[in-house]
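For reference, the structure discussed in these notes is given below.
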Amino acid sequence: MKIARTVWSGEKLEITSKTYLSLYLSRLYTLYMQKNGMQGVFSIGRVQTPTLYLLYKRNKEIEQFISKPFFELFANFQHEKGDYQGKYAKRFDSEEEVNDFKEKNALTDPSKGLVEEVQTVEKKLYAPKLFSLSDLQAAANKKFGYGASDTLKTIQGLYEKKLISYPRTDCTFIGKPEFTYLKENLSTYLNLVGETIETPQLNENKRYVNGSKVQEHYAIIPTRTVINVERLAHNERNLYKLILYRTLAIFEKPYVYDETKIMTTIHQVPFKTIGKVEKQLGWKQLYVKEKKEKQEVERTLPNVSKGDSVNSTLETKKGMTQPPKYYTEGTLITAMKNVGGTSENKENKDILKETEGIGTEATRANVIETLKRQEYITIQKKNIIVTEKGSILCEVIQNDEITNADMTAKWEKYLKKIRNKEGTQEAFLKSITNFVTHLINKAPETFKNSNMKEHVQEIKIDHAMGPCPNCQKEIIDKGKFYGCIGYREGCTFTLPKKWSEKRLTKKNINDLLTKKETTTIKGFKSKKGNSFSAKLRLNENKLEFIFADKK
């Protein structure tokens, strides 16, 4: 394998290296997958494959998770100034274990308790940082359910209308000039959404305003151009207001609250209580009116003092351990950005942290879309589910370096050397050649040690819908349609998954193949958009309607 030599800039060199890697490895794995009985094309990429494997591991953790019961011990305390509840720190595996613990420590109902410690600390929470693209995509997915690609497309439109700053940014800071114009237009921005800030914070806060942290582009903020927000399209309005409120929040005071911790003991067994009292809503008052964030439930505690005696009753609560959550497009964007935290190699972890994970602000959404187009993943109620095709690929290559984000770290490290004139493009491209050659040589052993053939057989059995009316071989689910496994021998028989805008069930397909006719199906749509019911019949391998009423 030869790679042509030319003189590239660092960015072009990186793009070209990705192209070579994707080109050769996609062909390699596609050929081996097809040789082992799988259909279709299998795309491989420096960013998309580690991302897919990240999703695959999470899906497997959820699939293999076994929920187990646990028990927690609570104490309900009665004080002359009010009641409160404390919790013992340790969890128990069974109710019997709780009862043994209570018996061992003479914990009976009712019991006397003693307030051992009361500690109140004032805490301040400053407004969130301004939006980078990834942060905005994550917030839009969580709040509105928008996909990363949809969010990028929408804010690109807002940018072209000159309503927001450049959106493809990884920065959460602005410089002094941007802060100055935001400050000058503050009252206009507030009027747009009908908000007020009693005491605007007009001094620069380095949490948000730091020119030294701005590289090519600053954070996503509104521009000087102001229009009636209600005239924007629904998605545009939602995202513009999301950006606007995040920007307005930096001019508000911090959110201030008192956090109180009470340690109460019953026969030296400690129970902890934590409560919170809001003192100053600050920036959160913007979100209270708009209901843009869930308000935390205020837990008011009685004014107890150290040394106070309290009465108590005990309570055991049962819970069940929960599996990790599926990734959504929002949480996946964040995970890709912070993937360095999972690396076991400190040097690679530092590099991934410095480069902000795998992919870039501008490409992460496209990576997710690529995984969708390749039918590696599907979205179900915002959750990302790895498909059968994606799972099989991951099972085959799970021990290959291509699944590991550390490989990206090594590439980024050398690209940085090239930018600093400490490395050469020839050495970099040679390392890519060696890497691809290594995987080519490794592929036969990789597939030999996999369970590919068993998987393919299971898929055929699971997806078999019935006999082909042409050649009597099996009709299987091929993703977008049902087709014959004998297509390589020339059989072209297929059946659609949707007919007259009605999705056909597997039973419908099985009935057509085995009985040549379905039962009555409701929900077909005519060309004029009218709904109707009918049976479907397979006549000379073509679908036709059978109506109970000829009219």
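Letters A, B, ... go to the chains of the structure tokens in the order shown; residues in each chain start at 1; ligands are counted from 1 in the same order.
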A:Lys57 surroundings by only C-alpha atoms, 12 Å radius, close-in-sequence under 4 positions cut, as a PyMOL selection string: chain A and resi 50-53+61-65+324-327+385-386+390-391+394-395+398+403-404
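Listed by chain and then by rising number, the residues of stretch 489-526 of chain A that DSSP assigns to strand (DSSP E) from the backbone are Thr494, Leu495, Pro496, Lys498, Trp499, Lys502, Arg503, Ile521, Lys522, Gly523, Phe524 and Lys525 of chain A.
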Using C-alpha atoms, can you write the selected residues to a file as an mmCIF file, in the first residue's frame?
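Final file, again_22.cif:
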data_model
loop_
_atom_site.group_PDB
_atom_site.id
_atom_site.type_symbol
_atom_site.label_atom_id
_atom_site.label_comp_id
_atom_site.auth_asym_id
_atom_site.auth_seq_id
_atom_site.Cartn_x
_atom_site.Cartn_y
_atom_site.Cartn_z
ATOM 1 C CA THR A 494 -38.697 -8.417 -2.471
ATOM 2 C CA LEU A 495 -41.551 -7.158 -0.322
ATOM 3 C CA PRO A 496 -41.851 -3.605 1.059
ATOM 4 C CA LYS A 498 -44.657 0.007 3.974
ATOM 5 C CA TRP A 499 -47.553 -0.064 1.522
ATOM 6 C CA LYS A 502 -49.179 1.707 6.193
ATOM 7 C CA ARG A 503 -46.303 -0.142 7.873
ATOM 8 C CA ILE A 521 -55.495 -4.341 7.607
ATOM 9 C CA LYS A 522 -56.643 -0.914 8.819
ATOM 10 C CA GLY A 523 -54.900 2.385 8.135
ATOM 11 C CA PHE A 524 -54.007 2.405 4.428
ATOM 12 C CA LYS A 525 -54.037 5.889 2.868
#
Excluding A:Leu242 and any residue of its chain fewer than 4 positions from it, enumerate the residues within 12 Å of it, using only C-alpha atoms, and give them as JSON, numbers by chain. {"A": [130, 131, 135, 136, 137, 138, 139, 140, 141, 142, 143, 144, 151, 155, 164, 193, 220, 221, 222, 229, 235, 236, 237, 238, 246, 247, 248, 249, 286, 287, 290, 291, 292, 293]}
Tell me which protein, DNA and RNA residues are within 10 Å of A:Ile397, counting only C-alpha atoms, leaving out same-chain ones fewer than 5 positions away, and put them as a count of residues only. 10
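Neighbours of A:Glu517 closer than or equal to 9 Å, with only C-alpha atoms counted and sequence neighbours fewer than 6 positions away skipped, come out as Asn508, Asp511, Lys535, Leu536, Arg537 and Leu538 of chain A.
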Would you mind writing down, as an MDAnalysis selection string, each residue of stretch 278-525 of chain A that DSSP on the backbone assigns to alpha helix (DSSP H)? chainID A and resid 284:290 329:337 346:354 364:373 388:397 405:419 425:448 452:463 506:515
Near A:Asn366, counting only C-alpha atoms, which residues have an atom at most 12 Å away, once you skip same-chain residues fewer than 5 positions from it, shown as a list in words?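 After dropping sequence-adjacent residues, the list is Val47, Gln48, Thr51, Gly147, Ala148, Ser149, Asp150, Thr151, Leu152, Lys153, Glu329, Ile333, Gly359, Thr360, Glu361, Leu371, Lys372 and Arg373 of chain A.
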Excluding A:Ile250 and residues on its chain fewer than 4 positions from it, collect all residues at most 12 Å away from it, counting only C-alpha atoms, and give them as a compact mmCIF listing (two decimals) with all heavy atoms, in the first residue's frame.
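Contents of the output file around08.txt:
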# COMPACT_ATOMS: atom_id res chain seq x y z
N LEU A 125 -23.44 29.77 43.92
CA LEU A 125 -23.40 29.07 42.64
C LEU A 125 -23.54 30.11 41.54
O LEU A 125 -24.57 30.77 41.41
CB LEU A 125 -24.54 28.05 42.55
CG LEU A 125 -24.57 27.15 41.32
CD1 LEU A 125 -23.34 26.26 41.26
CD2 LEU A 125 -25.84 26.30 41.31
N TYR A 126 -22.45 30.27 40.76
CA TYR A 126 -22.47 31.27 39.69
C TYR A 126 -23.19 30.71 38.46
O TYR A 126 -23.32 29.49 38.30
CB TYR A 126 -21.05 31.69 39.34
CG TYR A 126 -20.43 32.59 40.39
CD1 TYR A 126 -19.73 32.04 41.47
CD2 TYR A 126 -20.57 33.97 40.32
CE1 TYR A 126 -19.19 32.86 42.46
CE2 TYR A 126 -20.02 34.80 41.29
CZ TYR A 126 -19.34 34.25 42.36
OH TYR A 126 -18.80 35.05 43.33
N ALA A 127 -23.64 31.61 37.61
CA ALA A 127 -24.35 31.21 36.39
C ALA A 127 -23.48 30.28 35.56
O ALA A 127 -22.25 30.38 35.58
CB ALA A 127 -24.72 32.46 35.58
N PRO A 128 -24.09 29.37 34.79
CA PRO A 128 -23.31 28.46 33.94
C PRO A 128 -22.47 29.24 32.94
O PRO A 128 -22.77 30.40 32.61
CB PRO A 128 -24.39 27.64 33.21
CG PRO A 128 -25.63 27.82 34.01
CD PRO A 128 -25.54 29.16 34.65
N LYS A 129 -21.42 28.62 32.45
CA LYS A 129 -20.58 29.25 31.44
C LYS A 129 -21.37 29.45 30.16
O LYS A 129 -22.39 28.79 29.92
CB LYS A 129 -19.33 28.40 31.19
CG LYS A 129 -18.36 28.42 32.36
CD LYS A 129 -17.04 27.76 31.99
CE LYS A 129 -16.04 27.92 33.13
NZ LYS A 129 -14.71 27.37 32.77
N LEU A 130 -20.89 30.34 29.31
CA LEU A 130 -21.54 30.59 28.04
C LEU A 130 -21.43 29.35 27.16
O LEU A 130 -20.60 28.47 27.39
CB LEU A 130 -20.90 31.80 27.35
CG LEU A 130 -21.10 33.13 28.10
CD1 LEU A 130 -20.16 34.20 27.54
CD2 LEU A 130 -22.55 33.58 28.02
N PHE A 131 -22.26 29.29 26.13
CA PHE A 131 -22.36 28.09 25.31
C PHE A 131 -21.20 27.94 24.31
O PHE A 131 -20.88 28.87 23.58
CB PHE A 131 -23.65 28.09 24.49
CG PHE A 131 -24.86 27.65 25.25
CD1 PHE A 131 -26.00 28.45 25.28
CD2 PHE A 131 -24.88 26.44 25.92
CE1 PHE A 131 -27.13 28.04 25.97
CE2 PHE A 131 -26.01 26.02 26.61
CZ PHE A 131 -27.13 26.82 26.63
N PHE A 173 -15.77 31.33 26.42
CA PHE A 173 -15.40 32.67 26.88
C PHE A 173 -15.65 33.70 25.78
O PHE A 173 -15.71 33.37 24.60
CB PHE A 173 -13.91 32.71 27.28
CG PHE A 173 -13.56 31.84 28.43
CD1 PHE A 173 -13.14 30.53 28.22
CD2 PHE A 173 -13.65 32.30 29.73
CE1 PHE A 173 -12.81 29.71 29.29
CE2 PHE A 173 -13.33 31.49 30.80
CZ PHE A 173 -12.90 30.19 30.58
N ILE A 174 -15.78 34.95 26.21
CA ILE A 174 -15.82 36.07 25.28
C ILE A 174 -14.72 37.06 25.68
O ILE A 174 -14.19 36.99 26.79
CB ILE A 174 -17.20 36.79 25.27
CG1 ILE A 174 -17.58 37.23 26.69
CG2 ILE A 174 -18.26 35.90 24.66
CD1 ILE A 174 -18.86 38.04 26.76
N PHE A 179 -18.16 41.67 25.55
CA PHE A 179 -18.83 41.98 26.81
C PHE A 179 -19.35 43.41 26.79
O PHE A 179 -20.45 43.70 27.30
CB PHE A 179 -17.88 41.79 27.99
CG PHE A 179 -18.51 42.01 29.33
CD1 PHE A 179 -19.41 41.09 29.85
CD2 PHE A 179 -18.24 43.16 30.07
CE1 PHE A 179 -20.02 41.29 31.09
CE2 PHE A 179 -18.85 43.38 31.30
CZ PHE A 179 -19.74 42.43 31.81
N LEU A 182 -22.55 43.57 24.73
CA LEU A 182 -23.64 42.89 25.46
C LEU A 182 -24.16 43.80 26.56
O LEU A 182 -25.38 43.90 26.78
CB LEU A 182 -23.15 41.57 26.05
CG LEU A 182 -22.87 40.42 25.08
CD1 LEU A 182 -22.29 39.23 25.84
CD2 LEU A 182 -24.13 39.99 24.33
N LYS A 183 -23.24 44.45 27.26
CA LYS A 183 -23.60 45.34 28.35
C LYS A 183 -24.41 46.53 27.83
O LYS A 183 -25.42 46.92 28.43
CB LYS A 183 -22.30 45.82 29.02
CG LYS A 183 -22.49 46.63 30.27
CD LYS A 183 -21.20 46.76 31.07
CE LYS A 183 -20.07 47.33 30.23
NZ LYS A 183 -18.86 47.59 31.06
N LEU A 186 -27.97 45.38 26.97
CA LEU A 186 -28.60 44.53 27.98
C LEU A 186 -30.10 44.81 28.11
O LEU A 186 -30.92 43.87 28.15
CB LEU A 186 -27.91 44.72 29.33
CG LEU A 186 -28.43 43.88 30.49
CD1 LEU A 186 -28.34 42.39 30.16
CD2 LEU A 186 -27.66 44.19 31.78
N ILE A 197 -33.50 42.63 35.51
CA ILE A 197 -32.41 42.33 36.44
C ILE A 197 -32.24 43.56 37.32
O ILE A 197 -31.89 44.64 36.84
CB ILE A 197 -31.09 42.01 35.71
CG1 ILE A 197 -31.26 40.74 34.85
CG2 ILE A 197 -29.95 41.82 36.70
CD1 ILE A 197 -30.02 40.37 34.04
N THR A 199 -30.17 44.41 39.83
CA THR A 199 -28.82 44.96 39.99
C THR A 199 -27.88 44.24 39.04
O THR A 199 -27.22 43.26 39.41
CB THR A 199 -28.33 44.77 41.44
OG1 THR A 199 -29.35 45.19 42.35
CG2 THR A 199 -27.05 45.58 41.68
N PRO A 200 -27.79 44.68 37.78
CA PRO A 200 -26.92 44.01 36.80
C PRO A 200 -25.45 44.03 37.23
O PRO A 200 -24.96 45.04 37.74
CB PRO A 200 -27.13 44.83 35.52
CG PRO A 200 -28.42 45.57 35.72
CD PRO A 200 -28.51 45.83 37.19
N GLN A 201 -24.78 42.92 37.03
CA GLN A 201 -23.35 42.81 37.34
C GLN A 201 -22.58 43.25 36.09
O GLN A 201 -22.41 42.47 35.15
CB GLN A 201 -23.01 41.38 37.72
CG GLN A 201 -23.88 40.80 38.82
CD GLN A 201 -23.79 41.59 40.11
OE1 GLN A 201 -22.74 41.61 40.77
NE2 GLN A 201 -24.87 42.27 40.49
N LEU A 202 -22.11 44.48 36.09
CA LEU A 202 -21.53 45.07 34.89
C LEU A 202 -20.02 45.03 34.86
O LEU A 202 -19.40 45.51 33.90
CB LEU A 202 -22.03 46.52 34.74
CG LEU A 202 -23.55 46.68 34.65
CD1 LEU A 202 -23.94 48.15 34.57
CD2 LEU A 202 -24.11 45.91 33.46
N ASN A 203 -19.41 44.46 35.89
CA ASN A 203 -17.95 44.29 35.87
C ASN A 203 -17.60 42.97 35.22
O ASN A 203 -18.33 41.98 35.32
CB ASN A 203 -17.39 44.33 37.30
CG ASN A 203 -17.57 45.69 37.94
OD1 ASN A 203 -17.47 46.72 37.26
ND2 ASN A 203 -17.86 45.71 39.23
N GLU A 204 -16.46 42.94 34.54
CA GLU A 204 -16.02 41.72 33.85
C GLU A 204 -15.71 40.62 34.86
O GLU A 204 -14.99 40.84 35.83
CB GLU A 204 -14.77 42.02 33.00
CG GLU A 204 -15.04 42.99 31.85
CD GLU A 204 -13.76 43.38 31.13
OE1 GLU A 204 -12.75 42.67 31.29
OE2 GLU A 204 -13.76 44.41 30.44
N ASN A 205 -16.28 39.45 34.63
CA ASN A 205 -16.03 38.28 35.46
C ASN A 205 -15.22 37.29 34.63
O ASN A 205 -15.66 36.87 33.56
CB ASN A 205 -17.36 37.66 35.89
CG ASN A 205 -17.20 36.49 36.84
OD1 ASN A 205 -16.18 35.81 36.84
ND2 ASN A 205 -18.21 36.26 37.67
N LYS A 206 -14.04 36.92 35.13
CA LYS A 206 -13.15 36.06 34.34
C LYS A 206 -13.72 34.67 34.10
O LYS A 206 -13.20 33.92 33.29
CB LYS A 206 -11.79 35.93 35.03
CG LYS A 206 -10.99 37.21 34.99
CD LYS A 206 -9.54 36.94 34.70
CE LYS A 206 -8.83 38.24 34.34
NZ LYS A 206 -7.47 37.98 33.85
N ARG A 207 -14.80 34.35 34.77
CA ARG A 207 -15.47 33.08 34.50
C ARG A 207 -16.07 33.11 33.09
O ARG A 207 -16.24 32.05 32.46
CB ARG A 207 -16.56 32.85 35.54
CG ARG A 207 -17.40 31.60 35.34
CD ARG A 207 -18.38 31.42 36.48
NE ARG A 207 -19.36 30.38 36.19
CZ ARG A 207 -19.15 29.07 36.35
NH1 ARG A 207 -17.98 28.65 36.80
NH2 ARG A 207 -20.09 28.20 36.07
N TYR A 208 -16.39 34.31 32.61
CA TYR A 208 -17.02 34.45 31.30
C TYR A 208 -16.19 35.32 30.33
O TYR A 208 -16.20 35.06 29.13
CB TYR A 208 -18.41 35.08 31.44
CG TYR A 208 -19.21 34.54 32.58
CD1 TYR A 208 -19.38 35.27 33.76
CD2 TYR A 208 -19.78 33.27 32.52
CE1 TYR A 208 -20.11 34.77 34.83
CE2 TYR A 208 -20.51 32.75 33.57
CZ TYR A 208 -20.67 33.51 34.73
OH TYR A 208 -21.38 33.00 35.78
N VAL A 209 -15.53 36.34 30.85
CA VAL A 209 -14.81 37.31 30.02
C VAL A 209 -13.31 37.13 30.22
O VAL A 209 -12.75 37.52 31.25
CB VAL A 209 -15.23 38.76 30.36
CG1 VAL A 209 -14.61 39.74 29.36
CG2 VAL A 209 -16.74 38.89 30.40
N ILE A 221 -23.11 33.76 21.50
CA ILE A 221 -23.88 34.81 22.18
C ILE A 221 -24.74 35.54 21.14
O ILE A 221 -24.51 35.43 19.94
CB ILE A 221 -22.97 35.82 22.90
CG1 ILE A 221 -21.97 36.43 21.89
CG2 ILE A 221 -22.25 35.17 24.07
CD1 ILE A 221 -21.11 37.54 22.47
N ILE A 243 -29.95 30.52 24.08
CA ILE A 243 -28.67 31.26 24.04
C ILE A 243 -28.82 32.60 24.76
O ILE A 243 -27.93 33.01 25.53
CB ILE A 243 -28.24 31.49 22.58
CG1 ILE A 243 -27.93 30.15 21.90
CG2 ILE A 243 -27.03 32.42 22.49
CD1 ILE A 243 -27.84 30.22 20.39
N LEU A 244 -29.93 33.27 24.54
CA LEU A 244 -30.14 34.59 25.14
C LEU A 244 -30.19 34.51 26.67
O LEU A 244 -29.55 35.30 27.36
CB LEU A 244 -31.44 35.19 24.60
CG LEU A 244 -31.80 36.61 25.07
CD1 LEU A 244 -30.70 37.60 24.71
CD2 LEU A 244 -33.13 37.05 24.47
N TYR A 245 -30.94 33.54 27.19
CA TYR A 245 -31.03 33.41 28.65
C TYR A 245 -29.69 33.04 29.27
O TYR A 245 -29.35 33.51 30.35
CB TYR A 245 -32.10 32.37 29.02
CG TYR A 245 -33.47 32.96 29.20
CD1 TYR A 245 -34.31 33.14 28.11
CD2 TYR A 245 -33.93 33.36 30.45
CE1 TYR A 245 -35.57 33.70 28.26
CE2 TYR A 245 -35.18 33.91 30.62
CZ TYR A 245 -36.00 34.09 29.51
OH TYR A 245 -37.25 34.65 29.67
N ARG A 246 -28.93 32.17 28.59
CA ARG A 246 -27.61 31.81 29.11
C ARG A 246 -26.71 33.05 29.16
O ARG A 246 -25.90 33.19 30.08
CB ARG A 246 -26.99 30.72 28.22
CG ARG A 246 -25.61 30.24 28.64
CD ARG A 246 -25.60 29.52 29.97
NE ARG A 246 -26.26 28.25 29.96
CZ ARG A 246 -25.66 27.07 29.86
NH1 ARG A 246 -24.34 27.02 29.73
NH2 ARG A 246 -26.35 25.95 29.89
N PRO A 254 -24.94 35.81 41.79
CA PRO A 254 -24.90 34.35 41.98
C PRO A 254 -26.09 33.86 42.80
O PRO A 254 -26.73 34.64 43.52
CB PRO A 254 -23.59 34.13 42.74
CG PRO A 254 -23.28 35.43 43.40
CD PRO A 254 -23.83 36.49 42.49
N TYR A 255 -26.40 32.60 42.65
CA TYR A 255 -27.43 31.95 43.45
C TYR A 255 -26.79 31.62 44.80
O TYR A 255 -25.73 30.98 44.87
CB TYR A 255 -27.88 30.67 42.73
CG TYR A 255 -28.79 29.76 43.51
CD1 TYR A 255 -30.04 30.19 43.94
CD2 TYR A 255 -28.40 28.45 43.80
CE1 TYR A 255 -30.88 29.34 44.65
CE2 TYR A 255 -29.23 27.60 44.49
CZ TYR A 255 -30.47 28.04 44.92
OH TYR A 255 -31.30 27.20 45.60
N GLY A 282 -30.78 35.03 42.56
CA GLY A 282 -29.77 35.44 41.59
C GLY A 282 -30.17 35.06 40.17
O GLY A 282 -31.31 35.27 39.74
N TRP A 283 -29.22 34.47 39.41
CA TRP A 283 -29.47 34.12 38.01
C TRP A 283 -30.59 33.11 37.83
O TRP A 283 -31.21 33.03 36.77
CB TRP A 283 -28.18 33.61 37.36
CG TRP A 283 -27.61 32.39 38.00
CD1 TRP A 283 -26.72 32.33 39.02
CD2 TRP A 283 -27.90 31.04 37.66
NE1 TRP A 283 -26.44 31.04 39.37
CE2 TRP A 283 -27.14 30.22 38.53
CE3 TRP A 283 -28.71 30.43 36.71
CZ2 TRP A 283 -27.18 28.82 38.47
CZ3 TRP A 283 -28.76 29.04 36.66
CH2 TRP A 283 -28.00 28.25 37.53
N LYS A 284 -30.89 32.35 38.89
CA LYS A 284 -31.94 31.34 38.76
C LYS A 284 -33.33 31.95 38.62
O LYS A 284 -34.26 31.28 38.15
CB LYS A 284 -31.91 30.37 39.95
CG LYS A 284 -30.77 29.38 39.89
CD LYS A 284 -31.07 28.15 40.70
CE LYS A 284 -30.05 27.05 40.42
NZ LYS A 284 -30.43 25.75 40.98
N LEU A 286 -34.19 34.03 36.52
CA LEU A 286 -34.51 34.06 35.09
C LEU A 286 -35.17 32.76 34.64
O LEU A 286 -36.06 32.75 33.79
CB LEU A 286 -33.23 34.29 34.28
CG LEU A 286 -32.54 35.65 34.44
CD1 LEU A 286 -31.16 35.62 33.79
CD2 LEU A 286 -33.38 36.76 33.84
Write out as a Markdown table the residues of stretch 234-269 of chain A that have any atom within 8 Å of an atom of stretch 119-122 of chain A, one row each with the nearest atom pair and its distance in Å to one decimal, counting only C-alpha atoms, sorted by chain and then rising number.
| residue | atom | partner | partner_atom | distance |
| --- | --- | --- | --- | --- |
| A:Val256 | CA | A:Glu122 | CA | 7.1 |
| A:Tyr257 | CA | A:Glu122 | CA | 5.8 |
| A:Asp258 | CA | A:Glu122 | CA | 4.4 |
| A:Glu259 | CA | A:Val121 | CA | 5.3 |
| A:Thr260 | CA | A:Thr120 | CA | 4.2 |
| A:Lys261 | CA | A:Gln119 | CA | 5.2 |
| A:Ile262 | CA | A:Gln119 | CA | 6.5 |
Using only C-alpha atoms, please write the residues we just selected to a file, as a PDB file, in the first residue's frame.
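The resulting file, selection-v6.pdb, is reproduced below:
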ATOM      1  CA  VAL A 256     -26.841  31.905  47.232  1.00  0.00           C
ATOM      2  CA  TYR A 257     -28.134  29.381  49.734  1.00  0.00           C
ATOM      3  CA  ASP A 258     -27.396  28.018  53.177  1.00  0.00           C
ATOM      4  CA  GLU A 259     -26.630  24.317  53.351  1.00  0.00           C
ATOM      5  CA  THR A 260     -27.209  22.842  56.795  1.00  0.00           C
ATOM      6  CA  LYS A 261     -25.884  19.480  57.915  1.00  0.00           C
ATOM      7  CA  ILE A 262     -27.189  17.855  61.084  1.00  0.00           C
TER       8      ILE A 262
END
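With only C-alpha atoms as the atoms that count, the minimum distance from A:Val339 to the choices A:Thr408, A:Gln322, A:Thr265, A:Asn470 is reached by A:Thr408.
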Of the candidates A:Leu21, A:Met336, A:Lys515, A:Arg488, which one gets nearest to A:Leu54 if we count only C-alpha atoms? A:Met336
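The coordinates place atom CA of A:Val277 at 12.1 Å from atom CA of A:Lys124.
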Closest to A:Thr520 among A:Met320, A:Ala534, A:Glu96, A:Tyr32, using only C-alpha atoms?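 Among A:Met320, A:Ala534, A:Glu96, A:Tyr32, it is A:Ala534 that comes nearest to A:Thr520.
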Minimum-distance residue to A:Lys480, chosen among A:Lys497, A:Leu239, A:Lys90, A:Val98 (using only C-alpha atoms): A:Lys497
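Minimum atom-to-atom distances from A:Leu55, A:Leu28, A:Cys171, A:Leu512 to A:Asn383 were compared using only C-alpha atoms, and the lowest value belongs to A:Leu55.
Closest approach to A:Gly194 among A:Lys389, A:Lys241, A:His234, A:Lys35 is made by A:Lys241 (distances from only C-alpha atoms).
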Can you tell me how far atom CA of A:Lys176 sits from atom CA of A:Ala219, in Å to one decimal? 12.5 Å
Between atom CA of A:Val214 and atom CA of A:Asp406, measure the distance and give it in Å to one decimal.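 Result for atom CA of A:Val214 versus atom CA of A:Asp406: 27.0 Å, one decimal.
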